[in-house]
$ cat start.cif   # mmCIF, C-alpha atoms
data_target
#
loop_
_atom_site.label_atom_id
_atom_site.label_comp_id
_atom_site.auth_asym_id
_atom_site.auth_seq_id
_atom_site.Cartn_x
_atom_site.Cartn_y
_atom_site.Cartn_z
CA MET X 4 6.85 45.93 -37.38
CA ASP X 5 4.55 45.82 -34.30
CA SER X 6 5.59 47.71 -31.19
CA TYR X 7 4.36 47.56 -27.61
CA LEU X 8 4.40 50.45 -25.18
CA ILE X 9 3.62 49.99 -21.50
CA GLN X 10 3.57 53.27 -19.64
CA VAL X 11 3.40 53.48 -15.84
CA ASN X 12 1.72 56.65 -14.61
CA GLY X 13 1.69 57.62 -10.96
CA ARG X 14 2.87 60.30 -8.65
CA GLY X 15 2.71 61.34 -5.07
CA ASP X 16 0.48 59.21 -2.86
CA HIS X 17 -1.47 57.70 -5.73
CA ALA X 18 -1.07 54.02 -6.63
CA PRO X 19 0.68 53.49 -9.93
CA VAL X 20 -1.57 52.80 -12.90
CA LEU X 21 -0.56 50.80 -15.95
CA ASP X 22 -1.49 52.68 -19.12
CA VAL X 23 -1.21 50.01 -21.82
CA HIS X 24 -1.01 50.88 -25.53
CA LEU X 25 -0.43 48.46 -28.39
CA LYS X 26 0.96 49.99 -31.56
CA THR X 27 0.18 47.78 -34.56
CA ASN X 28 0.99 48.84 -38.12
CA GLY X 29 1.06 52.44 -37.09
CA ASN X 30 -2.29 52.30 -35.28
CA SER X 31 -2.32 52.78 -31.52
CA ILE X 32 -4.83 50.75 -29.53
CA SER X 33 -5.43 51.62 -25.88
CA LEU X 34 -6.33 48.73 -23.58
CA GLY X 35 -7.25 51.07 -20.77
CA LYS X 36 -5.80 51.66 -17.36
CA VAL X 37 -5.32 48.81 -14.89
CA LYS X 38 -4.90 49.75 -11.26
CA GLY X 39 -2.01 47.81 -9.68
CA ARG X 40 -2.49 45.65 -6.56
CA LYS X 41 -0.54 45.96 -3.38
CA PRO X 42 1.59 42.78 -3.05
CA ARG X 43 1.11 40.70 0.08
CA TRP X 44 2.10 37.22 1.21
CA ALA X 45 -0.72 34.66 1.06
CA VAL X 46 0.82 31.20 0.82
CA ARG X 47 -1.54 28.39 1.79
CA ALA X 48 -1.35 24.61 1.65
CA SER X 49 -3.32 23.05 -1.21
CA GLU X 50 -6.66 21.32 -0.71
CA MET X 51 -5.05 18.07 -1.84
CA SER X 52 -2.44 18.29 0.89
CA LYS X 53 -5.13 19.01 3.47
CA LYS X 54 -7.09 15.94 2.36
CA THR X 55 -4.03 13.68 2.61
CA PHE X 56 -4.29 11.66 5.79
CA ASN X 57 -2.41 8.54 6.85
CA PRO X 58 -4.34 6.74 9.61
CA VAL X 59 -1.33 4.68 10.68
CA ARG X 60 0.81 7.76 11.26
CA ALA X 61 -2.07 9.63 12.89
CA ILE X 62 -2.68 6.82 15.39
CA VAL X 63 0.96 5.94 16.05
CA ASP X 64 2.08 9.56 16.39
CA SER X 65 -0.72 10.30 18.86
CA MET X 66 0.17 7.34 21.10
CA LYS X 67 3.04 9.19 22.82
CA VAL X 68 4.05 6.35 25.14
CA GLU X 69 7.49 5.49 26.42
CA PRO X 70 8.66 1.86 26.41
CA ASN X 71 9.65 0.17 29.64
CA PRO X 72 13.27 1.28 30.22
CA LYS X 73 14.07 -2.08 31.85
CA LYS X 74 13.25 -4.02 28.68
CA ALA X 75 14.76 -3.67 25.20
CA MET X 76 12.27 -2.50 22.63
CA ILE X 77 10.91 -5.14 20.24
CA SER X 78 9.11 -3.56 17.30
CA LEU X 79 6.70 -5.85 15.45
CA SER X 80 5.02 -2.95 13.70
CA LEU X 81 6.90 -2.07 10.51
CA GLY X 82 6.40 -4.05 7.31
CA ASP X 83 10.03 -3.65 6.28
CA PRO X 84 11.89 -7.00 6.08
CA THR X 85 15.31 -5.31 6.16
CA VAL X 86 15.08 -3.74 9.65
CA PHE X 87 16.87 -6.41 11.69
CA GLY X 88 19.37 -7.58 9.06
CA ASN X 89 18.24 -11.22 9.26
CA LEU X 90 16.71 -11.16 5.77
CA PRO X 91 19.33 -9.81 3.33
CA THR X 92 18.61 -9.85 -0.37
CA ASN X 93 20.40 -12.35 -2.60
CA ASP X 94 23.94 -11.70 -3.85
CA GLU X 95 22.74 -11.92 -7.46
CA VAL X 96 20.37 -9.01 -6.81
CA THR X 97 23.16 -6.89 -5.34
CA LEU X 98 25.63 -7.79 -8.10
CA ALA X 99 23.09 -6.87 -10.77
CA VAL X 100 22.90 -3.33 -9.43
CA LYS X 101 26.69 -3.06 -8.98
CA GLU X 102 27.28 -4.05 -12.61
CA VAL X 103 24.77 -1.52 -13.87
CA LEU X 104 26.28 1.22 -11.72
CA ASP X 105 29.79 0.43 -12.93
CA SER X 106 28.68 0.39 -16.57
CA GLY X 107 27.68 4.05 -16.50
CA ARG X 108 24.99 3.32 -19.06
CA TYR X 109 21.97 4.03 -16.88
CA ASN X 110 22.67 7.49 -15.48
CA GLY X 111 20.33 9.44 -17.73
CA TYR X 112 16.59 9.81 -18.17
CA ALA X 113 14.59 6.79 -19.25
CA PRO X 114 11.17 6.88 -20.92
CA SER X 115 8.62 7.74 -18.23
CA VAL X 116 7.05 4.26 -18.43
CA GLY X 117 10.49 2.60 -18.20
CA TYR X 118 13.10 1.31 -20.62
CA GLN X 119 11.66 -0.94 -23.31
CA SER X 120 14.11 -3.75 -22.51
CA CYS X 121 13.18 -3.61 -18.80
CA ARG X 122 9.47 -3.71 -19.56
CA GLU X 123 10.14 -6.71 -21.80
CA ALA X 124 11.94 -8.43 -18.91
CA VAL X 125 8.97 -7.91 -16.54
CA ALA X 126 6.49 -9.02 -19.19
CA ALA X 127 8.51 -12.17 -19.89
CA TYR X 128 8.74 -12.98 -16.18
CA TYR X 129 4.98 -12.80 -15.60
CA ASN X 130 3.75 -13.92 -19.01
CA CYS X 131 1.71 -17.12 -19.10
CA PRO X 132 -0.90 -18.59 -21.48
CA GLU X 133 -3.75 -17.76 -19.06
CA ALA X 134 -2.67 -14.10 -18.83
CA PRO X 135 -0.36 -13.16 -21.72
CA LEU X 136 1.78 -10.04 -21.39
CA LYS X 137 3.92 -7.95 -23.71
CA ALA X 138 6.16 -4.98 -23.01
CA GLN X 139 3.39 -2.54 -23.89
CA ASP X 140 1.33 -4.04 -21.04
CA VAL X 141 3.93 -3.00 -18.44
CA ILE X 142 4.36 0.40 -16.77
CA LEU X 143 7.38 0.70 -14.47
CA THR X 144 6.84 2.83 -11.36
CA SER X 145 8.61 4.16 -8.31
CA GLY X 146 7.62 1.31 -6.03
CA CYS X 147 4.31 -0.50 -5.75
CA SER X 148 2.80 2.44 -3.88
CA GLN X 149 3.20 4.64 -6.97
CA ALA X 150 1.77 1.84 -9.11
CA ILE X 151 -1.34 1.89 -6.88
CA GLU X 152 -1.49 5.68 -7.05
CA LEU X 153 -1.32 5.73 -10.87
CA ALA X 154 -3.88 2.93 -11.16
CA LEU X 155 -6.31 4.78 -8.90
CA ALA X 156 -5.70 8.07 -10.66
CA VAL X 157 -6.40 6.62 -14.10
CA LEU X 158 -9.53 4.68 -13.07
CA ALA X 159 -11.36 7.09 -10.76
CA ASN X 160 -12.49 10.71 -10.85
CA PRO X 161 -13.27 12.96 -7.89
CA GLY X 162 -16.78 12.14 -6.69
CA GLN X 163 -16.56 8.49 -7.70
CA ASN X 164 -15.97 5.68 -5.20
CA ILE X 165 -13.68 2.68 -4.89
CA LEU X 166 -14.20 -0.57 -2.96
CA VAL X 167 -11.48 -1.24 -0.38
CA PRO X 168 -10.97 -4.24 1.95
CA ARG X 169 -11.54 -3.95 5.70
CA PRO X 170 -9.09 -4.67 7.28
CA GLY X 171 -6.85 -3.31 4.56
CA PHE X 172 -3.67 -1.42 3.73
CA SER X 173 -4.14 2.19 4.83
CA LEU X 174 -2.51 3.69 1.72
CA TYR X 175 -5.61 2.99 -0.41
CA LYS X 176 -7.69 5.40 1.68
CA THR X 177 -4.87 7.92 2.00
CA LEU X 178 -4.48 8.17 -1.77
CA ALA X 179 -8.19 8.11 -2.58
CA LEU X 180 -9.22 10.84 -0.17
CA SER X 181 -6.43 13.11 -1.36
CA MET X 182 -7.86 12.74 -4.89
CA GLY X 183 -11.44 13.44 -3.81
CA ILE X 184 -12.45 9.79 -4.30
CA GLU X 185 -14.88 8.20 -1.83
CA VAL X 186 -13.85 4.97 -0.10
CA LYS X 187 -16.36 2.19 0.54
CA LEU X 188 -15.10 -0.54 2.85
CA TYR X 189 -16.08 -4.17 2.22
CA ASN X 190 -15.65 -6.73 4.98
CA LEU X 191 -13.16 -9.57 5.23
CA LEU X 192 -14.18 -12.50 7.43
CA PRO X 193 -11.63 -13.68 10.05
CA GLU X 194 -13.61 -16.85 10.73
CA LYS X 195 -13.12 -17.79 7.06
CA GLY X 196 -9.41 -17.04 6.88
CA TRP X 197 -10.13 -13.43 5.86
CA GLU X 198 -12.11 -14.28 2.73
CA ILE X 199 -14.22 -11.45 1.30
CA ASP X 200 -17.84 -11.12 2.38
CA LEU X 201 -19.02 -11.27 -1.23
CA GLU X 202 -22.62 -10.33 -0.47
CA HIS X 203 -21.50 -7.24 1.40
CA LEU X 204 -19.03 -6.38 -1.36
CA GLU X 205 -21.67 -6.52 -4.09
CA SER X 206 -24.14 -4.47 -2.04
CA LEU X 207 -21.71 -1.53 -2.08
CA VAL X 208 -21.52 -1.22 -5.88
CA ASP X 209 -23.37 1.72 -7.42
CA GLU X 210 -23.23 3.82 -10.58
CA LYS X 211 -20.29 5.80 -9.18
CA THR X 212 -18.08 2.78 -8.41
CA ALA X 213 -14.83 3.13 -10.36
CA CYS X 214 -12.90 0.04 -9.28
CA LEU X 215 -12.53 -2.81 -6.80
CA ILE X 216 -9.23 -3.22 -4.92
CA VAL X 217 -8.26 -6.83 -4.27
CA ASN X 218 -5.17 -7.34 -2.08
CA ASN X 219 -3.89 -10.92 -2.28
CA PRO X 220 -1.80 -12.08 -0.41
CA SER X 221 -3.01 -9.63 2.20
CA ASN X 222 -1.50 -6.89 4.28
CA PRO X 223 -2.41 -6.85 7.19
CA CYS X 224 -4.01 -10.31 7.32
CA GLY X 225 -1.36 -12.63 5.86
CA SER X 226 -4.20 -14.43 4.08
CA VAL X 227 -4.11 -16.02 0.62
CA PHE X 228 -7.29 -16.45 -1.43
CA SER X 229 -8.08 -19.83 -2.96
CA LYS X 230 -8.68 -20.23 -6.67
CA SER X 231 -12.42 -20.78 -6.11
CA HIS X 232 -12.72 -17.64 -3.97
CA LEU X 233 -10.91 -15.53 -6.56
CA GLN X 234 -13.31 -16.85 -9.20
CA LYS X 235 -16.24 -15.73 -7.06
CA ILE X 236 -14.69 -12.26 -6.71
CA LEU X 237 -14.29 -12.09 -10.49
CA ALA X 238 -17.93 -13.13 -10.92
CA VAL X 239 -19.04 -10.12 -8.83
CA ALA X 240 -16.79 -7.78 -10.82
CA SER X 241 -18.07 -9.22 -14.10
CA ARG X 242 -21.75 -8.91 -13.13
CA GLN X 243 -21.27 -5.34 -11.99
CA CYS X 244 -18.84 -4.34 -14.79
CA VAL X 245 -16.29 -3.04 -12.28
CA PRO X 246 -12.56 -3.22 -13.13
CA ILE X 247 -10.11 -4.61 -10.57
CA LEU X 248 -7.00 -3.01 -9.12
CA ALA X 249 -5.04 -6.02 -7.86
CA ASP X 250 -2.43 -5.23 -5.21
CA GLU X 251 -0.17 -8.26 -5.62
CA ILE X 252 3.05 -6.94 -4.07
CA TYR X 253 3.17 -10.12 -1.93
CA GLY X 254 2.54 -12.34 -4.96
CA ASP X 255 4.27 -15.74 -4.64
CA MET X 256 5.08 -15.04 -0.96
CA VAL X 257 2.91 -17.92 0.23
CA PHE X 258 3.73 -20.82 2.52
CA ALA X 259 4.36 -24.35 1.25
CA ASP X 260 0.88 -25.67 2.01
CA CYS X 261 -0.78 -22.94 -0.08
CA LYS X 262 -0.85 -21.86 -3.73
CA TYR X 263 -0.83 -18.31 -5.04
CA GLU X 264 -3.04 -17.58 -8.05
CA PRO X 265 -2.58 -14.22 -9.81
CA ILE X 266 -6.16 -13.03 -10.28
CA ALA X 267 -5.58 -12.16 -13.95
CA THR X 268 -4.86 -15.81 -14.76
CA LEU X 269 -8.45 -16.66 -13.79
CA SER X 270 -10.20 -13.83 -15.64
CA THR X 271 -11.50 -13.99 -19.18
CA ASN X 272 -13.35 -10.69 -19.31
CA VAL X 273 -12.71 -8.49 -16.23
CA PRO X 274 -10.02 -5.86 -16.98
CA ILE X 275 -7.32 -5.78 -14.30
CA LEU X 276 -4.45 -3.50 -13.35
CA SER X 277 -2.07 -5.66 -11.29
CA CYS X 278 0.40 -3.75 -9.10
CA GLY X 279 3.62 -5.36 -7.92
CA GLY X 280 7.33 -4.73 -7.43
CA LEU X 281 10.66 -5.83 -6.00
CA ALA X 282 10.07 -4.58 -2.44
CA LYS X 283 8.87 -7.65 -0.57
CA ARG X 284 9.77 -10.81 -2.47
CA TRP X 285 13.29 -9.57 -3.23
CA LEU X 286 13.61 -7.83 0.18
CA VAL X 287 14.59 -4.39 -1.18
CA PRO X 288 11.70 -1.99 -0.35
CA GLY X 289 14.02 1.04 -0.44
CA TRP X 290 14.95 0.47 -4.08
CA ARG X 291 11.54 1.79 -5.16
CA MET X 292 10.90 -0.40 -8.17
CA GLY X 293 7.32 -1.32 -8.97
CA TRP X 294 5.12 -2.00 -11.95
CA ILE X 295 1.60 -2.09 -13.31
CA LEU X 296 0.63 -5.07 -15.46
CA ILE X 297 -2.29 -4.30 -17.77
CA HIS X 298 -4.56 -7.30 -18.34
CA ASP X 299 -7.30 -6.42 -20.81
CA ARG X 300 -8.07 -9.31 -23.16
CA ARG X 301 -11.50 -7.96 -24.14
CA ASP X 302 -10.05 -4.49 -24.88
CA ILE X 303 -12.36 -2.87 -22.31
CA PHE X 304 -9.66 -0.45 -21.15
CA GLY X 305 -8.73 0.21 -24.76
CA ASN X 306 -6.27 3.01 -25.54
CA GLU X 307 -7.96 5.35 -23.07
CA ILE X 308 -6.50 3.73 -19.93
CA ARG X 309 -3.15 2.99 -21.52
CA ASP X 310 -2.77 6.58 -22.74
CA GLY X 311 -3.89 7.83 -19.33
CA LEU X 312 -1.23 5.77 -17.57
CA LEU X 313 1.39 7.08 -19.99
CA ARG X 314 0.43 10.68 -19.24
CA LEU X 315 0.34 10.11 -15.48
CA SER X 316 3.75 8.42 -15.56
CA GLN X 317 5.20 11.61 -17.04
CA ARG X 318 4.61 13.46 -13.78
CA ILE X 319 7.83 12.10 -12.25
CA LEU X 320 9.57 10.74 -15.37
CA GLY X 321 9.73 7.13 -14.22
CA PRO X 322 11.53 5.10 -11.53
CA CYS X 323 15.24 4.79 -10.73
CA THR X 324 17.18 3.95 -13.90
CA ILE X 325 19.94 2.06 -12.04
CA VAL X 326 17.45 -0.47 -10.68
CA GLN X 327 15.70 -0.61 -14.06
CA GLY X 328 18.98 -1.59 -15.67
CA ALA X 329 19.39 -4.42 -13.16
CA LEU X 330 15.84 -5.75 -13.51
CA GLU X 331 16.44 -8.36 -16.18
CA ARG X 332 19.29 -9.99 -14.26
CA ILE X 333 17.37 -9.81 -10.96
CA LEU X 334 14.34 -11.53 -12.46
CA GLN X 335 16.28 -14.14 -14.39
CA ARG X 336 19.16 -15.03 -12.07
CA THR X 337 17.81 -14.87 -8.51
CA PRO X 338 18.14 -18.53 -7.43
CA PRO X 339 15.02 -20.44 -6.37
CA GLU X 340 16.59 -21.34 -3.02
CA PHE X 341 16.60 -17.64 -2.07
CA TYR X 342 12.81 -17.47 -2.31
CA HIS X 343 12.49 -20.86 -0.60
CA ASN X 344 14.72 -19.86 2.34
CA THR X 345 12.84 -16.59 2.86
CA LEU X 346 9.48 -18.34 2.93
CA SER X 347 10.75 -21.12 5.20
CA MET X 348 11.87 -18.53 7.74
CA LEU X 349 8.56 -16.65 7.54
CA LYS X 350 6.55 -19.87 7.85
CA SER X 351 8.58 -20.95 10.87
CA ASN X 352 8.05 -17.59 12.58
CA ALA X 353 4.35 -17.63 11.70
CA ASP X 354 3.91 -21.09 13.23
CA LEU X 355 5.83 -20.15 16.39
CA CYS X 356 3.90 -16.93 16.82
CA TYR X 357 0.52 -18.51 16.12
CA ALA X 358 1.12 -21.36 18.58
CA ALA X 359 2.39 -19.07 21.33
CA LEU X 360 -0.40 -16.50 21.01
CA SER X 361 -3.10 -19.20 20.69
CA ALA X 362 -2.16 -20.39 24.18
CA ILE X 363 -2.77 -16.97 25.76
CA PRO X 364 -6.23 -16.47 27.30
CA GLY X 365 -7.98 -13.50 25.75
CA LEU X 366 -6.20 -13.61 22.40
CA GLN X 367 -7.37 -15.29 19.18
CA PRO X 368 -4.75 -15.19 16.40
CA VAL X 369 -5.80 -15.99 12.83
CA ARG X 370 -3.34 -18.36 11.17
CA PRO X 371 -1.63 -16.70 8.16
CA ALA X 372 -0.93 -18.41 4.85
CA GLY X 373 1.57 -15.97 3.36
CA ALA X 374 2.95 -12.42 3.23
CA MET X 375 4.65 -11.15 6.41
CA TYR X 376 1.86 -10.62 8.92
CA LEU X 377 -0.44 -12.20 11.46
CA MET X 378 -3.63 -10.67 12.87
CA VAL X 379 -4.67 -11.24 16.49
CA GLU X 380 -8.11 -10.65 17.96
CA ILE X 381 -8.27 -9.16 21.46
CA GLU X 382 -11.27 -10.44 23.42
CA MET X 383 -11.84 -7.00 24.88
CA GLU X 384 -14.46 -8.24 27.38
CA HIS X 385 -11.60 -9.96 29.21
CA PHE X 386 -9.52 -6.77 29.34
CA PRO X 387 -12.11 -4.29 30.66
CA GLU X 388 -9.53 -1.76 31.85
CA PHE X 389 -8.65 -1.04 28.20
CA GLU X 390 -11.12 0.91 26.10
CA ASN X 391 -9.93 -0.40 22.74
CA ASP X 392 -7.07 -1.94 20.76
CA VAL X 393 -5.16 1.35 20.67
CA GLU X 394 -5.11 1.56 24.47
CA PHE X 395 -4.23 -2.15 24.70
CA THR X 396 -1.19 -1.75 22.42
CA GLU X 397 -0.13 1.49 24.14
CA ARG X 398 0.05 -0.28 27.47
CA LEU X 399 1.84 -3.22 25.86
CA ILE X 400 4.58 -0.77 24.83
CA SER X 401 4.81 1.01 28.18
CA GLU X 402 4.85 -2.20 30.24
CA GLN X 403 6.59 -4.74 28.00
CA SER X 404 8.36 -2.66 25.30
CA VAL X 405 6.62 -4.65 22.55
CA PHE X 406 5.16 -2.58 19.71
CA CYS X 407 2.37 -4.09 17.58
CA LEU X 408 0.12 -1.99 15.37
CA PRO X 409 -3.46 -1.64 16.63
CA ALA X 410 -5.76 -2.80 13.84
CA THR X 411 -7.74 0.43 14.11
CA CYS X 412 -4.99 1.54 11.70
CA PHE X 413 -6.57 -0.86 9.21
CA GLU X 414 -10.20 0.09 9.98
CA TYR X 415 -10.60 -3.06 12.11
CA PRO X 416 -10.75 -2.35 15.85
CA ASN X 417 -10.01 -4.84 18.64
CA PHE X 418 -7.29 -6.67 16.72
CA PHE X 419 -3.57 -6.02 16.42
CA ARG X 420 -1.07 -6.89 13.68
CA VAL X 421 2.23 -8.70 14.22
CA VAL X 422 5.09 -8.50 11.68
CA ILE X 423 6.82 -11.90 11.44
CA THR X 424 10.06 -10.91 9.66
CA VAL X 425 12.04 -10.43 12.88
CA PRO X 426 14.62 -12.98 14.10
CA GLU X 427 13.19 -16.12 15.74
CA GLU X 428 14.53 -15.34 19.20
CA MET X 429 12.87 -11.93 19.04
CA ILE X 430 9.51 -13.46 18.08
CA LEU X 431 9.73 -15.87 21.02
CA GLU X 432 10.72 -13.12 23.46
CA ALA X 433 7.92 -10.85 22.19
CA CYS X 434 5.32 -13.60 22.56
CA SER X 435 6.57 -14.32 26.08
CA ARG X 436 6.16 -10.67 27.02
CA ILE X 437 2.70 -10.51 25.44
CA GLN X 438 1.74 -13.54 27.51
CA GLU X 439 3.01 -11.86 30.69
CA PHE X 440 1.09 -8.70 29.82
CA CYS X 441 -2.17 -10.55 29.13
CA GLU X 442 -1.89 -12.65 32.29
CA MET X 443 -1.43 -9.44 34.26
CA HIS X 444 -4.57 -7.81 32.86
CA TYR X 445 -6.84 -10.71 31.92
CA GLN X 446 -10.12 -11.05 33.78
CA GLY X 447 -12.45 -14.03 33.51
CA ALA X 448 -16.16 -13.65 32.96
CA GLU X 449 -16.93 -12.80 36.60
CA GLY X 450 -14.08 -10.32 37.01
CA ALA X 451 -14.92 -8.62 33.71
CA GLN X 452 -18.55 -8.26 34.74
CA GLU X 453 -17.57 -6.75 38.10
CA GLU X 454 -15.35 -4.24 36.29
CA CYS X 455 -18.21 -3.32 33.94
CA ASP X 456 -20.55 -2.84 36.88
CA LYS X 457 -18.29 -0.28 38.52
#

$ encode --input "start.cif" --output "structure tokens"
Amino acid sequence: MDSYLIQVNGRGDHAPVLDVHLKTNGNSISLGKVKGRKPRWAVRASEMSKKTFNPVRAIVDSMKVEPNPKKAMISLSLGDPTVFGNLPTNDEVTLAVKEVLDSGRYNGYAPSVGYQSCREAVAAYYNCPEAPLKAQDVILTSGCSQAIELALAVLANPGQNILVPRPGFSLYKTLALSMGIEVKLYNLLPEKGWEIDLEHLESLVDEKTACLIVNNPSNPCGSVFSKSHLQKILAVASRQCVPILADEIYGDMVFADCKYEPIATLSTNVPILSCGGLAKRWLVPGWRMGWILIHDRRDIFGNEIRDGLLRLSQRILGPCTIVQGALERILQRTPPEFYHNTLSMLKSNADLCYAALSAIPGLQPVRPAGAMYLMVEIEMEHFPEFENDVEFTERLISEQSVFCLPATCFEYPNFFRVVITVPEEMILEACSRIQEFCEMHYQGAEGAQEECDK
């Protein structure tokens, strides 16, 4: 029988020394003497945490402005449709969760990629002949943001780059930089309804490009790509052999005069990871239920990407099991009129907001076609007292108690974003205050030139 003897020698003022002997089959082997270290505290934040940076929070937190105390605050900044209580989810959605909770059958751990039956329900909901799906093509995640994180993590290594829309959702950059992945920004064109500048996009591709992020419908633009434009995007990806990460959390949230096309339904050869979830269309962002749909008809991803997603999903052992248990009923029983009513309200608000802001000198809103947002250009030459969109929106808060996000948050200065999920009367009041603010500070060509000459 082997025995192990660790002897600590030390006396007086001398540091203790470990004298280590191993006794194996009667033979003693000395491993020498190891001088002990003096313990000390040295706890430091990780490099990953230091690289994690959210531009929205950085800009908003640094604004430090107080709203006008004489006017109630109207916040048009947060992309959460539940804030004002005017957009509740459907009763069927709530009942589905109540039944699961009462059953007691979903209180334990699920497989890290989600219950098989729940993955089957998602696959069945999105399956179509143009983009067939099975349960094994679905990974359930803790919200769409985790779906995006896993998709990025499986496709890109530190030192590689990804192609990200400008203006675009800030989380893409936040996640990428924390992983040591470079971000290359491709331009969207406001004069073309925020279509992608395809020539600019393709010019950014190099041997280190790991994936292309396509966000449709768009946050922050509220734009929806046409079928022909999506086909042109796929042609670039196909020529350059770059896979697509499709952020489609606002999928099907398009207005009546527009049609949403999932990009995977138009692709025959480009592999796509489509990220979605319950948050926006079902109006439950806090429930944290998302998914990745793997579209890979040419087997370009192969087992490598699928196995990688499985391993990455094991880091947090999957999303909430209660909501998983309710998924099938939510997807199958939510009545069509619920979706219709939500979109009718958003379309009405979008039209009101667009019309009101279009009439204000110095502002140029871009008409949205879906999602929950509207982007507005500030003709800064007519507001010379403000240095940029951040200063413009700061003063809008302090003078009118209206909070819109400066589009610098989305890498697109001299615009601001309006969230259109608030009640109608609030949209109208906010637009009225914005008009008052702009009329107060607007200067025509002559006045602006005089200000510049000072």

$ residues_around --input "start.cif" --residues "Leu408 (chain X)" --least-positions-apart "3" --cutoff "12 Å" --atoms "all atoms listed in the file" --output "JSON, numbers by chain"
{"X": [58, 59, 60, 62, 63, 64, 66, 78, 79, 80, 81, 82, 223, 376, 377, 378, 379, 392, 393, 394, 395, 396, 397, 399, 400, 405, 411, 412, 413, 414, 415, 416, 417, 418, 419, 420, 421, 422]}

$ residues_near_point --input "start.cif" --point "(12.1, -14.7, 3.3)" --cutoff "10 Å" --atoms "all atoms listed in the file" --output "list in words"
Pro84, Asn89, Leu90, Pro91, Thr92, Met256, Lys283, Arg284, Trp285, Leu286, Phe341, Tyr342, His343, Asn344, Thr345, Leu346, Ser347, Met348, Leu349, Lys350, Ala374, Met375 and Thr424 of chain X

$ residues_around --input "start.cif" --residues "region 168-180 of chain X" --least-positions-apart "3" --cutoff "10 Å" --atoms "all atoms listed in the file" --output "PyMOL selection string"
chain X and resi 51+53-60+148-149+151-153+155-156+159-161+163-165+183-193+197+199-200+204+215-218+221-224+250+378+410-416+418

$ write_last_selection --input "start.cif" --atoms "C-alpha atoms" --output "CSV table (one decimal), in the coordinates of the input"
chain,number,residue,atom,x,y,z
X,51,MET,CA,-5.0,18.1,-1.8
X,53,LYS,CA,-5.1,19.0,3.5
X,54,LYS,CA,-7.1,15.9,2.4
X,55,THR,CA,-4.0,13.7,2.6
X,56,PHE,CA,-4.3,11.7,5.8
X,57,ASN,CA,-2.4,8.5,6.8
X,58,PRO,CA,-4.3,6.7,9.6
X,59,VAL,CA,-1.3,4.7,10.7
X,60,ARG,CA,0.8,7.8,11.3
X,148,SER,CA,2.8,2.4,-3.9
X,149,GLN,CA,3.2,4.6,-7.0
X,151,ILE,CA,-1.3,1.9,-6.9
X,152,GLU,CA,-1.5,5.7,-7.0
X,153,LEU,CA,-1.3,5.7,-10.9
X,155,LEU,CA,-6.3,4.8,-8.9
X,156,ALA,CA,-5.7,8.1,-10.7
X,159,ALA,CA,-11.4,7.1,-10.8
X,160,ASN,CA,-12.5,10.7,-10.8
X,161,PRO,CA,-13.3,13.0,-7.9
X,163,GLN,CA,-16.6,8.5,-7.7
X,164,ASN,CA,-16.0,5.7,-5.2
X,165,ILE,CA,-13.7,2.7,-4.9
X,183,GLY,CA,-11.4,13.4,-3.8
X,184,ILE,CA,-12.4,9.8,-4.3
X,185,GLU,CA,-14.9,8.2,-1.8
X,186,VAL,CA,-13.8,5.0,-0.1
X,187,LYS,CA,-16.4,2.2,0.5
X,188,LEU,CA,-15.1,-0.5,2.8
X,189,TYR,CA,-16.1,-4.2,2.2
X,190,ASN,CA,-15.6,-6.7,5.0
X,191,LEU,CA,-13.2,-9.6,5.2
X,192,LEU,CA,-14.2,-12.5,7.4
X,193,PRO,CA,-11.6,-13.7,10.0
X,197,TRP,CA,-10.1,-13.4,5.9
X,199,ILE,CA,-14.2,-11.4,1.3
X,200,ASP,CA,-17.8,-11.1,2.4
X,204,LEU,CA,-19.0,-6.4,-1.4
X,215,LEU,CA,-12.5,-2.8,-6.8
X,216,ILE,CA,-9.2,-3.2,-4.9
X,217,VAL,CA,-8.3,-6.8,-4.3
X,218,ASN,CA,-5.2,-7.3,-2.1
X,221,SER,CA,-3.0,-9.6,2.2
X,222,ASN,CA,-1.5,-6.9,4.3
X,223,PRO,CA,-2.4,-6.8,7.2
X,224,CYS,CA,-4.0,-10.3,7.3
X,250,ASP,CA,-2.4,-5.2,-5.2
X,378,MET,CA,-3.6,-10.7,12.9
X,410,ALA,CA,-5.8,-2.8,13.8
X,411,THR,CA,-7.7,0.4,14.1
X,412,CYS,CA,-5.0,1.5,11.7
X,413,PHE,CA,-6.6,-0.9,9.2
X,414,GLU,CA,-10.2,0.1,10.0
X,415,TYR,CA,-10.6,-3.1,12.1
X,416,PRO,CA,-10.8,-2.4,15.8
X,418,PHE,CA,-7.3,-6.7,16.7

$ residues_around --input "start.cif" --residues "region 121-127 of chain X" --least-positions-apart "3" --cutoff "6 Å" --atoms "only C-alpha atoms" --output "MDAnalysis selection string"
chainID X and resid 118 130 136:138 141 331

$ residues_near_point --input "start.cif" --point "(-26.5, -0.3, -10.9)" --cutoff "12 Å" --atoms "all atoms listed in the file" --output "PDB file with C-alpha atoms, keeping the file's coordinate frame"
ATOM      1  CA  GLU X 205     -21.670  -6.520  -4.090  1.00  0.00           C
ATOM      2  CA  SER X 206     -24.140  -4.470  -2.040  1.00  0.00           C
ATOM      3  CA  LEU X 207     -21.710  -1.530  -2.080  1.00  0.00           C
ATOM      4  CA  VAL X 208     -21.520  -1.220  -5.880  1.00  0.00           C
ATOM      5  CA  ASP X 209     -23.370   1.720  -7.420  1.00  0.00           C
ATOM      6  CA  GLU X 210     -23.230   3.820 -10.580  1.00  0.00           C
ATOM      7  CA  LYS X 211     -20.290   5.800  -9.180  1.00  0.00           C
ATOM      8  CA  THR X 212     -18.080   2.780  -8.410  1.00  0.00           C
ATOM      9  CA  ARG X 242     -21.750  -8.910 -13.130  1.00  0.00           C
ATOM     10  CA  GLN X 243     -21.270  -5.340 -11.990  1.00  0.00           C
ATOM     11  CA  CYS X 244     -18.840  -4.340 -14.790  1.00  0.00           C
ATOM     12  CA  VAL X 245     -16.290  -3.040 -12.280  1.00  0.00           C
TER      13      VAL X 245
END
